[in-house]
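Shown next: model_30.tsv, given as TSV, C-alpha atoms and all ligand atoms.
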```
chain	number	residue	atom	x	y	z
A	1376	MET	CA	17.86	19.38	14.56
A	1377	ASN	CA	14.63	18.30	16.22
A	1378	ASN	CA	13.51	14.69	16.36
A	1379	ILE	CA	10.06	13.91	14.98
A	1380	ILE	CA	10.05	10.41	16.45
A	1381	GLU	CA	11.93	9.03	19.44
A	1382	VAL	CA	11.59	5.38	20.36
A	1383	ARG	CA	12.87	4.17	23.72
A	1384	ASN	CA	13.34	0.54	24.86
A	1385	LEU	CA	10.40	-0.64	22.83
A	1386	VAL	CA	9.31	-4.22	23.57
A	1387	LYS	CA	6.53	-6.26	21.97
A	1388	GLN	CA	5.87	-9.82	23.01
A	1389	PHE	CA	3.12	-11.82	21.37
A	1390	GLU	CA	1.55	-14.59	23.42
A	1391	LEU	CA	0.81	-17.63	21.29
A	1392	THR	CA	-1.45	-20.41	22.51
A	1393	SER	CA	-1.27	-23.87	20.96
A	1394	LYS	CA	-4.35	-25.27	19.19
A	1395	LEU	CA	-5.48	-27.25	22.20
A	1396	GLY	CA	-4.80	-24.35	24.48
A	1397	LEU	CA	-2.35	-26.37	26.57
A	1398	GLN	CA	0.84	-24.50	25.79
A	1399	THR	CA	1.64	-20.85	25.52
A	1400	HIS	CA	4.67	-19.42	23.85
A	1401	CYS	CA	6.01	-15.94	23.96
A	1402	VAL	CA	7.38	-14.39	20.76
A	1403	LYS	CA	9.75	-11.54	21.47
A	1404	ALA	CA	9.11	-9.73	18.19
A	1405	VAL	CA	10.67	-6.44	19.33
A	1406	ASN	CA	13.08	-6.68	22.19
A	1407	GLY	CA	14.32	-3.31	23.46
A	1408	VAL	CA	14.58	-1.07	20.42
A	1409	SER	CA	15.59	2.61	20.63
A	1410	PHE	CA	16.15	5.18	17.88
A	1411	ASP	CA	15.52	8.78	16.84
A	1412	VAL	CA	14.29	10.09	13.51
A	1413	PRO	CA	15.17	13.77	12.96
A	1414	GLU	CA	12.99	16.19	11.02
A	1415	GLY	CA	13.15	15.63	7.26
A	1416	GLU	CA	15.41	12.58	7.56
A	1417	THR	CA	15.06	8.88	6.82
A	1418	LEU	CA	15.96	6.07	9.15
A	1419	GLY	CA	16.36	2.84	7.22
A	1420	LEU	CA	15.58	-0.38	9.06
A	1421	VAL	CA	17.13	-3.49	7.60
A	1422	GLY	CA	17.33	-7.15	8.57
A	1423	GLU	CA	16.22	-10.59	7.45
A	1424	SER	CA	12.56	-11.56	7.44
A	1425	GLY	CA	11.08	-12.06	10.92
A	1426	CYS	CA	13.48	-9.78	12.80
A	1427	GLY	CA	10.75	-7.37	13.93
A	1428	LYS	CA	10.79	-4.54	11.38
A	1429	THR	CA	7.07	-4.54	10.59
A	1430	THR	CA	6.13	-4.90	14.26
A	1431	THR	CA	8.29	-1.85	15.05
A	1432	GLY	CA	6.35	0.09	12.40
A	1433	LYS	CA	2.99	-1.14	13.70
A	1434	LEU	CA	3.91	-0.09	17.24
A	1435	ILE	CA	4.59	3.46	16.05
A	1436	LEU	CA	1.31	3.43	14.08
A	1437	ARG	CA	-0.43	2.19	17.24
A	1438	LEU	CA	-1.78	-0.80	15.34
A	1439	VAL	CA	-0.31	-2.96	18.10
A	1440	LYS	CA	0.15	-2.05	21.73
A	1441	PRO	CA	3.66	-2.17	23.17
A	1442	THR	CA	4.46	-4.57	26.01
A	1443	SER	CA	6.72	-1.81	27.33
A	1444	GLY	CA	8.73	1.17	26.16
A	1445	GLU	CA	7.90	4.61	24.87
A	1446	ILE	CA	7.25	6.30	21.54
A	1447	TYR	CA	7.46	10.09	21.37
A	1448	LEU	CA	6.04	12.17	18.53
A	1449	GLU	CA	7.62	15.62	18.74
A	1450	GLY	CA	8.40	14.97	22.39
A	1451	LYS	CA	4.92	13.66	23.35
A	1452	ASP	CA	4.54	10.08	24.57
A	1453	ILE	CA	1.87	8.75	22.18
A	1454	ASN	CA	0.84	5.98	24.55
A	1455	LYS	CA	0.01	8.45	27.30
A	1456	ILE	CA	-1.91	11.21	25.51
A	1457	SER	CA	-5.70	11.61	25.68
A	1458	LYS	CA	-8.06	10.05	23.12
A	1459	LYS	CA	-8.96	13.49	21.88
A	1460	GLU	CA	-5.35	14.44	21.31
A	1461	MET	CA	-4.69	11.06	19.69
A	1462	ARG	CA	-7.43	11.74	17.14
A	1463	ARG	CA	-5.70	15.00	16.35
A	1464	ILE	CA	-2.23	13.53	15.89
A	1465	ARG	CA	-3.25	10.32	14.08
A	1466	LYS	CA	-2.95	12.16	10.80
A	1467	ASP	CA	0.68	13.01	11.56
A	1468	ILE	CA	1.88	9.40	11.21
A	1469	GLN	CA	1.01	7.56	7.99
A	1470	VAL	CA	2.04	4.35	6.29
A	1471	VAL	CA	2.81	3.02	2.83
A	1472	PHE	CA	2.37	-0.75	2.71
A	1473	GLN	CA	4.36	-3.35	0.85
A	1474	ASN	CA	1.54	-4.67	-1.24
A	1475	PRO	CA	-0.23	-2.03	-3.35
A	1476	TYR	CA	-2.59	-4.74	-4.65
A	1477	ALA	CA	-4.04	-5.53	-1.24
A	1478	ALA	CA	-3.84	-2.03	0.25
A	1479	LEU	CA	-6.44	-0.35	-2.01
A	1480	ASP	CA	-10.17	-1.08	-1.86
A	1481	PRO	CA	-11.07	-2.41	-5.36
A	1482	LYS	CA	-14.60	-0.95	-5.16
A	1483	MET	CA	-13.47	2.62	-4.60
A	1484	THR	CA	-12.38	5.11	-7.25
A	1485	VAL	CA	-9.06	6.89	-6.79
A	1486	ALA	CA	-11.00	10.07	-5.95
A	1487	ASP	CA	-12.84	8.19	-3.16
A	1488	ILE	CA	-9.63	6.58	-1.88
A	1489	LEU	CA	-7.92	9.95	-1.62
A	1490	SER	CA	-10.96	11.85	-0.31
A	1491	GLU	CA	-11.43	9.45	2.59
A	1492	PRO	CA	-8.44	10.66	4.67
A	1493	LEU	CA	-9.30	14.26	3.72
A	1494	SER	CA	-12.75	13.81	5.27
A	1495	ILE	CA	-11.74	11.69	8.28
A	1496	HIS	CA	-9.05	14.14	9.33
A	1497	ARG	CA	-10.80	17.27	8.03
A	1498	ILE	CA	-7.80	18.36	6.00
A	1499	VAL	CA	-9.73	20.59	3.58
A	1500	PHE	CA	-13.38	21.64	3.15
A	1501	LYS	CA	-15.62	19.23	1.25
A	1502	TYR	CA	-15.99	21.54	-1.74
A	1503	ASP	CA	-12.20	21.47	-2.12
A	1504	TYR	CA	-11.86	17.65	-2.24
A	1505	ASP	CA	-11.69	17.54	-6.07
A	1506	LYS	CA	-9.03	20.19	-6.19
A	1507	GLU	CA	-7.04	18.51	-3.44
A	1508	VAL	CA	-7.29	15.07	-5.11
A	1509	LYS	CA	-5.89	16.61	-8.31
A	1510	ARG	CA	-3.08	18.24	-6.37
A	1511	LEU	CA	-2.19	14.89	-4.75
A	1512	LEU	CA	-2.27	13.06	-8.09
A	1513	ASN	CA	0.08	15.66	-9.57
A	1514	LEU	CA	2.43	15.33	-6.62
A	1515	VAL	CA	2.80	11.57	-7.16
A	1516	GLY	CA	3.13	11.78	-10.94
A	1517	LEU	CA	-0.35	10.56	-11.91
A	1518	SER	CA	-2.83	12.31	-14.19
A	1519	GLU	CA	-5.86	14.28	-12.97
A	1520	LYS	CA	-7.98	12.01	-15.17
A	1521	ASP	CA	-6.94	9.05	-13.03
A	1522	ALA	CA	-9.27	10.25	-10.27
A	1523	LYS	CA	-12.26	8.50	-11.89
A	1524	LYS	CA	-10.53	5.14	-12.30
A	1525	PHE	CA	-10.50	2.06	-10.09
A	1526	PRO	CA	-7.34	0.40	-8.67
A	1527	HIS	CA	-7.47	-2.55	-11.10
A	1528	GLU	CA	-6.97	-0.16	-14.01
A	1529	PHE	CA	-3.43	0.64	-12.85
A	1530	SER	CA	-0.05	-1.12	-12.93
A	1531	GLY	CA	1.70	-2.10	-9.69
A	1532	GLY	CA	3.91	0.99	-9.72
A	1533	GLN	CA	0.94	3.29	-10.36
A	1534	ARG	CA	-1.01	1.64	-7.55
A	1535	GLN	CA	1.87	2.30	-5.21
A	1536	ARG	CA	1.73	5.96	-6.33
A	1537	ILE	CA	-1.93	5.97	-5.25
A	1538	GLY	CA	-0.89	4.43	-1.90
A	1539	ILE	CA	1.69	7.18	-1.49
A	1540	ALA	CA	-0.84	9.89	-2.43
A	1541	ARG	CA	-3.18	8.52	0.25
A	1542	ALA	CA	-0.37	8.59	2.81
A	1543	ILE	CA	0.55	12.22	2.08
A	1544	ALA	CA	-3.10	13.34	1.90
A	1545	THR	CA	-3.18	14.07	5.63
A	1546	ARG	CA	0.05	16.13	5.38
A	1547	PRO	CA	1.86	13.85	7.83
A	1548	LYS	CA	5.12	14.58	9.61
A	1549	PHE	CA	6.22	10.96	9.57
A	1550	ILE	CA	5.61	8.13	7.10
A	1551	ILE	CA	6.42	4.49	7.68
A	1552	CYS	CA	7.34	2.89	4.37
A	1553	ASP	CA	7.20	-0.87	4.97
A	1554	GLU	CA	9.03	-2.51	2.05
A	1555	PRO	CA	7.17	-0.22	-0.38
A	1556	VAL	CA	8.92	-1.55	-3.50
A	1557	SER	CA	9.42	-5.24	-2.62
A	1558	ALA	CA	6.28	-6.32	-4.48
A	1559	LEU	CA	7.09	-4.26	-7.60
A	1560	ASP	CA	9.00	-5.08	-10.80
A	1561	VAL	CA	12.65	-4.11	-10.56
A	1562	SER	CA	12.18	-1.71	-13.48
A	1563	VAL	CA	9.69	0.45	-11.54
A	1564	GLN	CA	11.30	0.17	-8.10
A	1565	SER	CA	13.72	3.04	-8.61
A	1566	GLN	CA	10.95	5.32	-9.93
A	1567	ILE	CA	9.00	4.83	-6.71
A	1568	LEU	CA	12.12	5.30	-4.57
A	1569	ASN	CA	12.93	8.53	-6.42
A	1570	LEU	CA	9.36	9.72	-5.95
A	1571	LEU	CA	9.61	9.12	-2.19
A	1572	ASN	CA	12.92	11.02	-2.09
A	1573	ASP	CA	11.47	13.94	-4.09
A	1574	LEU	CA	8.39	14.10	-1.86
A	1575	GLN	CA	10.56	14.14	1.22
A	1576	LYS	CA	12.41	17.23	-0.03
A	1577	GLU	CA	9.20	18.94	-1.06
A	1578	LEU	CA	7.08	18.10	1.98
A	1579	LYS	CA	9.86	17.97	4.63
A	1580	VAL	CA	8.46	14.68	5.91
A	1581	SER	CA	10.49	12.10	7.86
A	1582	TYR	CA	10.52	8.40	6.95
A	1583	LEU	CA	11.05	5.11	8.67
A	1584	PHE	CA	12.06	3.11	5.65
A	1585	ILE	CA	11.87	-0.66	6.10
A	1586	ALA	CA	13.59	-2.96	3.61
A	1587	HIS	CA	15.46	-6.24	3.59
A	1588	GLY	CA	17.77	-5.22	0.75
A	1589	LEU	CA	20.79	-3.06	1.48
A	1590	ASN	CA	20.91	-1.42	-1.95
A	1591	VAL	CA	17.47	0.07	-1.40
A	1592	ILE	CA	18.38	1.10	2.16
A	1593	ARG	CA	21.54	2.84	0.95
A	1594	HIS	CA	19.62	4.77	-1.70
A	1595	MET	CA	17.01	6.00	0.78
A	1596	SER	CA	18.53	6.44	4.24
A	1597	ASP	CA	20.34	9.11	6.22
A	1598	LYS	CA	20.72	6.74	9.17
A	1599	VAL	CA	20.48	2.95	9.18
A	1600	GLY	CA	19.46	0.54	11.93
A	1601	VAL	CA	20.37	-3.12	11.44
A	1602	MET	CA	17.93	-5.45	13.20
A	1603	TYR	CA	18.48	-9.02	14.28
A	1604	LEU	CA	15.90	-11.04	16.26
A	1605	GLY	CA	14.05	-8.05	17.69
A	1606	LYS	CA	17.11	-5.95	18.48
A	1607	ILE	CA	19.05	-3.21	16.77
A	1608	VAL	CA	22.57	-4.65	16.58
A	1609	GLU	CA	24.12	-1.67	14.79
A	1610	ILE	CA	22.99	1.86	14.04
A	1611	GLY	CA	24.74	4.78	12.40
A	1612	ARG	CA	24.85	7.24	9.53
A	1613	VAL	CA	24.53	5.52	6.17
A	1614	GLU	CA	28.28	6.02	5.50
A	1615	ASP	CA	29.20	4.45	8.87
A	1616	ILE	CA	27.19	1.33	8.08
A	1617	PHE	CA	28.40	0.93	4.50
A	1618	ASN	CA	32.03	2.09	4.84
A	1619	ASN	CA	32.82	1.04	8.39
A	1620	PRO	CA	30.47	-1.77	9.43
A	1621	MET	CA	31.32	-3.05	12.91
A	1622	HIS	CA	28.87	-5.83	13.74
A	1623	PRO	CA	29.58	-9.27	12.19
A	1624	TYR	CA	25.91	-9.45	11.12
A	1625	THR	CA	26.12	-6.12	9.26
A	1626	LYS	CA	29.30	-7.37	7.59
A	1627	VAL	CA	27.68	-10.58	6.32
A	1628	LEU	CA	24.59	-8.68	5.18
A	1629	LEU	CA	26.86	-6.39	3.16
A	1630	ASN	CA	28.78	-9.33	1.76
A	1631	SER	CA	25.66	-11.21	0.76
A	1632	ALA	CA	23.97	-8.25	-0.96
A	1633	PRO	CA	23.89	-8.35	-4.75
A	1634	ILE	CA	26.04	-5.68	-6.39
A	1635	PRO	CA	24.12	-3.51	-8.86
A	1636	ASP	CA	27.26	-2.86	-10.94
A	1637	PRO	CA	27.94	-5.98	-13.09
A	1638	THR	CA	31.57	-4.89	-13.73
A	1639	ILE	CA	32.43	-5.47	-10.08
A	1640	ILE	CA	33.18	-9.09	-9.39
A	1641	ARG	CA	33.02	-10.21	-5.83
A	1642	GLU	CA	32.35	-13.53	-4.32
A	1643	ARG	CA	28.96	-13.35	-2.66
A	1644	GLN	CA	29.04	-14.82	0.75
A	1645	ALA	CA	25.87	-16.51	1.94
A	1646	ILE	CA	24.83	-16.01	5.55
A	1647	LYS	CA	25.42	-19.18	7.51
A	1648	GLY	CA	22.28	-20.95	8.78
A	1649	GLU	CA	18.82	-19.51	9.31
A	1650	VAL	CA	17.39	-16.90	11.64
A	1651	PRO	CA	16.54	-18.75	14.89
A	1652	SER	CA	12.96	-18.68	16.16
A	1653	PRO	CA	12.13	-15.65	18.31
A	1654	ILE	CA	10.25	-18.07	20.60
A	1655	THR	CA	13.53	-19.69	21.63
A	1656	PRO	CA	16.25	-17.13	20.91
A	1657	PRO	CA	19.86	-18.28	21.50
A	1658	SER	CA	21.47	-17.40	24.82
A	1659	GLY	CA	23.86	-14.47	25.13
A	1660	CYS	CA	24.30	-12.67	21.82
A	1661	SER	CA	21.46	-14.04	19.68
A	1662	PHE	CA	23.69	-13.89	16.58
A	1663	HIS	CA	26.39	-16.14	18.10
A	1664	PRO	CA	25.34	-19.47	16.45
A	1665	ARG	CA	25.79	-17.86	13.00
A	1666	CYS	CA	28.78	-15.69	13.80
A	1667	ASN	CA	32.24	-16.61	12.59
A	1668	ILE	CA	34.09	-14.74	15.35
A	1669	ALA	CA	31.95	-15.95	18.28
A	1670	MET	CA	33.76	-16.90	21.52
A	1671	GLU	CA	32.61	-18.29	24.87
A	1672	ILE	CA	31.45	-14.87	26.17
A	1673	CYS	CA	29.03	-14.55	23.23
A	1674	LYS	CA	27.08	-17.62	24.43
A	1675	ASN	CA	26.77	-16.27	27.94
A	1676	LYS	CA	26.41	-12.53	27.78
A	1677	SER	CA	24.18	-10.34	25.64
A	1678	PRO	CA	26.25	-7.40	24.34
A	1679	GLU	CA	25.04	-3.82	24.88
A	1680	LEU	CA	25.08	-1.24	22.10
A	1681	ILE	CA	28.33	0.64	22.55
A	1682	LYS	CA	29.44	3.88	20.97
A	1683	ILE	CA	31.90	3.47	18.10
A	1684	ASN	CA	31.80	7.06	16.89
A	1685	GLU	CA	29.42	9.98	17.18
A	1686	GLY	CA	26.04	8.51	16.19
A	1687	HIS	CA	27.48	5.07	15.40
A	1688	LYS	CA	26.80	2.19	17.81
A	1689	ALA	CA	27.17	-1.57	17.63
A	1690	ALA	CA	26.31	-4.44	19.98
A	1691	CYS	CA	29.16	-6.94	19.77
A	1692	HIS	CA	31.67	-8.03	22.41
A	1693	PHE	CA	34.43	-7.60	19.83
A	1694	CYS	CA	33.52	-4.13	18.57
A	1695	SER	CA	35.31	-1.20	20.09
A	1696	ALA	CA	35.88	2.43	19.24
A	1697	GLU	CA	38.91	2.96	17.03
B	1701	LIG	P1	9.78	-8.53	9.77
B	1701	LIG	O1	8.88	-7.41	9.34
B	1701	LIG	O2	11.16	-8.06	10.12
B	1701	LIG	O3	9.82	-9.64	8.79
B	1701	LIG	P2	7.79	-8.99	11.84
B	1701	LIG	O4	7.77	-7.77	12.68
B	1701	LIG	O5	6.70	-9.15	10.85
B	1701	LIG	O6	9.22	-9.14	11.14
B	1701	LIG	O7	7.77	-10.26	12.80
B	1701	LIG	C1	8.66	-10.44	13.89
B	1701	LIG	C2	8.30	-11.74	14.61
B	1701	LIG	O8	7.06	-11.56	15.29
B	1701	LIG	C3	8.13	-12.93	13.69
B	1701	LIG	O9	8.63	-14.07	14.34
B	1701	LIG	C4	6.62	-13.02	13.54
B	1701	LIG	O10	6.22	-14.34	13.28
B	1701	LIG	C5	6.14	-12.55	14.89
B	1701	LIG	N1	4.80	-11.90	14.83
B	1701	LIG	C6	4.48	-10.77	14.14
B	1701	LIG	N2	3.18	-10.44	14.32
B	1701	LIG	C7	2.68	-11.40	15.15
B	1701	LIG	C8	1.37	-11.64	15.71
B	1701	LIG	N3	0.35	-10.82	15.50
B	1701	LIG	N4	1.24	-12.72	16.53
B	1701	LIG	C9	2.27	-13.54	16.78
B	1701	LIG	N5	3.51	-13.37	16.29
B	1701	LIG	C10	3.72	-12.33	15.48
B	1702	MG	MG	7.90	-7.11	7.50
```
Using structure tokens, write down the structure that the file contains.
Amino acid sequence: MNNIIEVRNLVKQFELTSKLGLQTHCVKAVNGVSFDVPEGETLGLVGESGCGKTTTGKLILRLVKPTSGEIYLEGKDINKISKKEMRRIRKDIQVVFQNPYAALDPKMTVADILSEPLSIHRIVFKYDYDKEVKRLLNLVGLSEKDAKKFPHEFSGGQRQRIGIARAIATRPKFIICDEPVSALDVSVQSQILNLLNDLQKELKVSYLFIAHGLNVIRHMSDKVGVMYLGKIVEIGRVEDIFNNPMHPYTKVLLNSAPIPDPTIIRERQAIKGEVPSPITPPSGCSFHPRCNIAMEICKNKSPELIKINEGHKAACHFCSAE
């Protein structure tokens, strides 16, 4: 299987200057992240708020420039290609944002919102815009009549459908879904997740699916990357992560996740402490202050990702292949 996206040792540091300009701090938002997303598959990215998920997505979208590292789209390094080629491939990578309320221009009709990417990227001829807008609305489960309406006339779930229609308008190969259901009522979340799954099958598109909840990640992903303070601490097929978690952080995330089935009773375990600041990350393994199996080595040495099984890796001094 071919990879649509390959990310290698991606690093993003933000320089922050204090109000008086006397101090500068460096935020290591993304600190050496690598992964592959194969054609037609979904990589789920999970981790507590502030661990660098959105920044990873923005780096791939080229909304922020990497400090170092590479991003390949179908084998091409997107930070090295010419401006002309970049214009051509921009349409291949799209995004669905978390907040469908803020993401749509309130002054534009749905037809305008969906025609804009068609015109910018010259997807179809102008006289075919109406037809194409109708096709997109059908694909996302909205009515053709909705084309004339404005965003405020829709519910949250319907607005997210418009956001998804806009993302697929350019016929992308890769879509970054950054917490696309977090802002929606629980009752409509699964409808949107099912829509994204159906579209993936129909359009053969790959997803980077960002979420902080494991239930959503499990429902959507083929592979899962668990992020902690800018690093992937465990990555594997969805069954590896859920049935055979290796990293202590993955284990506590699993234990603290709510169970959708009310007949299963399990004591939910809260994660000890808070995520440390990425300005002053802990020494050694950055999870060690919150880890219940941490030893001396964890304070001193940062663990590498090591292979557990084919496609399953974890970065912990106490993880080893079975
Ligand atoms: P997540 O999406 O996992 O919640 P983010 O990628 O949004 O995490 O943020 C990772 C870290 O980078 C956070 O500490 C955040 O405050 C910091 N950060 C993100 N964007 C910027 C920015 N433009 N300038 C400074 N710091 C930033
Ligand atoms: Mg985020």
Legend entry - Residues within 12 Å of Asp1560 (chain A), only C-alpha atoms, excluding chain neighbours under 2 positions, as a list in words: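 Residues meeting the cut-off are Ser1530, Gly1531, Gly1532, Gln1533, Gln1535, Pro1555, Val1556, Ser1557, Ala1558, Ser1562, Val1563, Gln1564, Ser1565, Gln1566 and Ile1567 of chain A.
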Inset, instruction - Give the residue list for ligand MG 1702 (chain B) at 12 Å, counting all atoms listed in the file, as a ChimeraX atom specification, sorted by chain and then by residue number. - result: /A:1404,1420-1433,1472-1474,1551-1555,1557,1584-1587,1602,1605
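Put simply, CA of Lys1598 (chain A) is 27.4 Å away from atom N5 of ligand LIG 1701 (chain B).
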Legend entry - Which residue of A:Leu1391, A:Cys1660, A:Ile1537, A:Met1376 approaches ligand LIG 1701 (chain B) most closely, using all atoms listed in the file: A:Leu1391
Box for ligand LIG 1701 (chain B): with edges along x, y and z, all listed atoms inside and 6 Å added on each side, what are the centre and edge lengths in Å to one decimal, as AutoDock Vina command-line options?
```
--center_x 5.8 --center_y -10.9 --center_z 12.8 --size_x 22.8 --size_y 18.9 --size_z 20.0
```
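Across A:Ser1658, A:Val1386, A:Pro1623, A:Glu1507, the tightest approach to Glu1519 (chain A) is made by A:Glu1507 when counting all atoms listed in the file.
Distance-wise, CA of Gly1450 (chain A) and CA of Asp1411 (chain A) end up 10.9 Å apart.
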Which polymer residues, protein or nucleic acid, are no farther than 6 Å from (13.1, 9.9, 5.6), counting all atoms listed in the file, as a short mmCIF file (atom, residue, chain, number, x, y, z; two decimals) with C-alpha atoms, in the frame of the given file?
```
data_model
loop_
_atom_site.label_atom_id
_atom_site.label_comp_id
_atom_site.auth_asym_id
_atom_site.auth_seq_id
_atom_site.Cartn_x
_atom_site.Cartn_y
_atom_site.Cartn_z
CA GLY A 1415 13.15 15.63 7.26
CA GLU A 1416 15.41 12.58 7.56
CA THR A 1417 15.06 8.88 6.82
CA LEU A 1418 15.96 6.07 9.15
CA SER A 1581 10.49 12.10 7.86
CA TYR A 1582 10.52 8.40 6.95
#
```
Inset, instruction - Go through A:His1687, A:Lys1466, A:Lys1674, A:Lys1501 and flag the residue nearest Ile1607 (chain A), using all atoms listed in the file for the distances. - result: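 Once distances to Ile1607 (chain A) are computed over all atoms listed in the file, the minimum belongs to A:His1687.
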Inset, instruction - Between A:Lys1523, A:Lys1451, A:Arg1534, A:Lys1440, single out the one closest to ligand LIG 1701 (chain B), counting all atoms listed in the file. - result: A:Lys1440
Inset, instruction - Grab the CA of Asn1406 (chain A) to CA of Ile1681 (chain A) distance for me, in Å with one decimal place. - result: 16.9 Å
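With distances taken over all atoms listed in the file, A:Pro1526 is the one residue among A:Arg1510, A:Pro1526, A:Leu1436, A:Gly1588 lying closest to Ala1477 (chain A).
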Inset, instruction - Would you mind listing what lies within 9 Å of region 1568-1572 of chain A as an MDAnalysis selection string, with all atoms listed in the file counted and same-chain residues fewer than 6 positions away left out? - result: chainID A and resid 1514:1516 1536 1539 1555:1556 1591 1594:1595
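Of the listed residues (A:Leu1489, A:Val1561, A:Ile1592, A:Leu1604), A:Leu1604 comes nearest to ligand LIG 1701 (chain B); the distances count all atoms listed in the file.
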So that I can check the surroundings of Tyr1502 (chain A), please list as a PDB file with C-alpha atoms, in the frame of the given file every protein, DNA and RNA residue that reaches within 12 Å of it, counting only C-alpha atoms and ignoring chain neighbours fewer than 6 positions away.
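Contents of part-v4.pdb, as written:
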```pdb
ATOM      1  CA  SER A1490     -10.960  11.850  -0.310  1.00  0.00           C
ATOM      2  CA  LEU A1493      -9.300  14.260   3.720  1.00  0.00           C
ATOM      3  CA  SER A1494     -12.750  13.810   5.270  1.00  0.00           C
ATOM      4  CA  VAL A1508      -7.290  15.070  -5.110  1.00  0.00           C
TER       5      VAL A1508
END
```
Residue contacts of Ile1488 (chain A) (12 Å, all atoms listed in the file) excluding same-chain residues fewer than 2 positions away, as a CSV table (one decimal) with C-alpha atoms, in the frame of the given file:
```csv
chain,number,residue,atom,x,y,z
A,1478,ALA,CA,-3.8,-2.0,0.2
A,1479,LEU,CA,-6.4,-0.4,-2.0
A,1480,ASP,CA,-10.2,-1.1,-1.9
A,1481,PRO,CA,-11.1,-2.4,-5.4
A,1482,LYS,CA,-14.6,-1.0,-5.2
A,1483,MET,CA,-13.5,2.6,-4.6
A,1484,THR,CA,-12.4,5.1,-7.2
A,1485,VAL,CA,-9.1,6.9,-6.8
A,1486,ALA,CA,-11.0,10.1,-6.0
A,1490,SER,CA,-11.0,11.8,-0.3
A,1491,GLU,CA,-11.4,9.4,2.6
A,1492,PRO,CA,-8.4,10.7,4.7
A,1493,LEU,CA,-9.3,14.3,3.7
A,1494,SER,CA,-12.8,13.8,5.3
A,1495,ILE,CA,-11.7,11.7,8.3
A,1504,TYR,CA,-11.9,17.6,-2.2
A,1505,ASP,CA,-11.7,17.5,-6.1
A,1508,VAL,CA,-7.3,15.1,-5.1
A,1511,LEU,CA,-2.2,14.9,-4.8
A,1512,LEU,CA,-2.3,13.1,-8.1
A,1521,ASP,CA,-6.9,9.0,-13.0
A,1522,ALA,CA,-9.3,10.2,-10.3
A,1523,LYS,CA,-12.3,8.5,-11.9
A,1524,LYS,CA,-10.5,5.1,-12.3
A,1525,PHE,CA,-10.5,2.1,-10.1
A,1526,PRO,CA,-7.3,0.4,-8.7
A,1534,ARG,CA,-1.0,1.6,-7.6
A,1537,ILE,CA,-1.9,6.0,-5.2
A,1538,GLY,CA,-0.9,4.4,-1.9
A,1539,ILE,CA,1.7,7.2,-1.5
A,1540,ALA,CA,-0.8,9.9,-2.4
A,1541,ARG,CA,-3.2,8.5,0.2
A,1542,ALA,CA,-0.4,8.6,2.8
A,1544,ALA,CA,-3.1,13.3,1.9
```
Legend entry - Shell around region 1688-1695 of chain A at 10 Å using only C-alpha atoms, local window under 2 positions removed, as JSON, numbers by chain: {"A": [1600, 1601, 1606, 1607, 1608, 1609, 1610, 1611, 1612, 1615, 1616, 1620, 1621, 1622, 1623, 1624, 1625, 1660, 1662, 1663, 1668, 1669, 1670, 1672, 1673, 1676, 1677, 1678, 1679, 1680, 1681, 1682, 1683, 1684, 1685, 1686, 1697]}
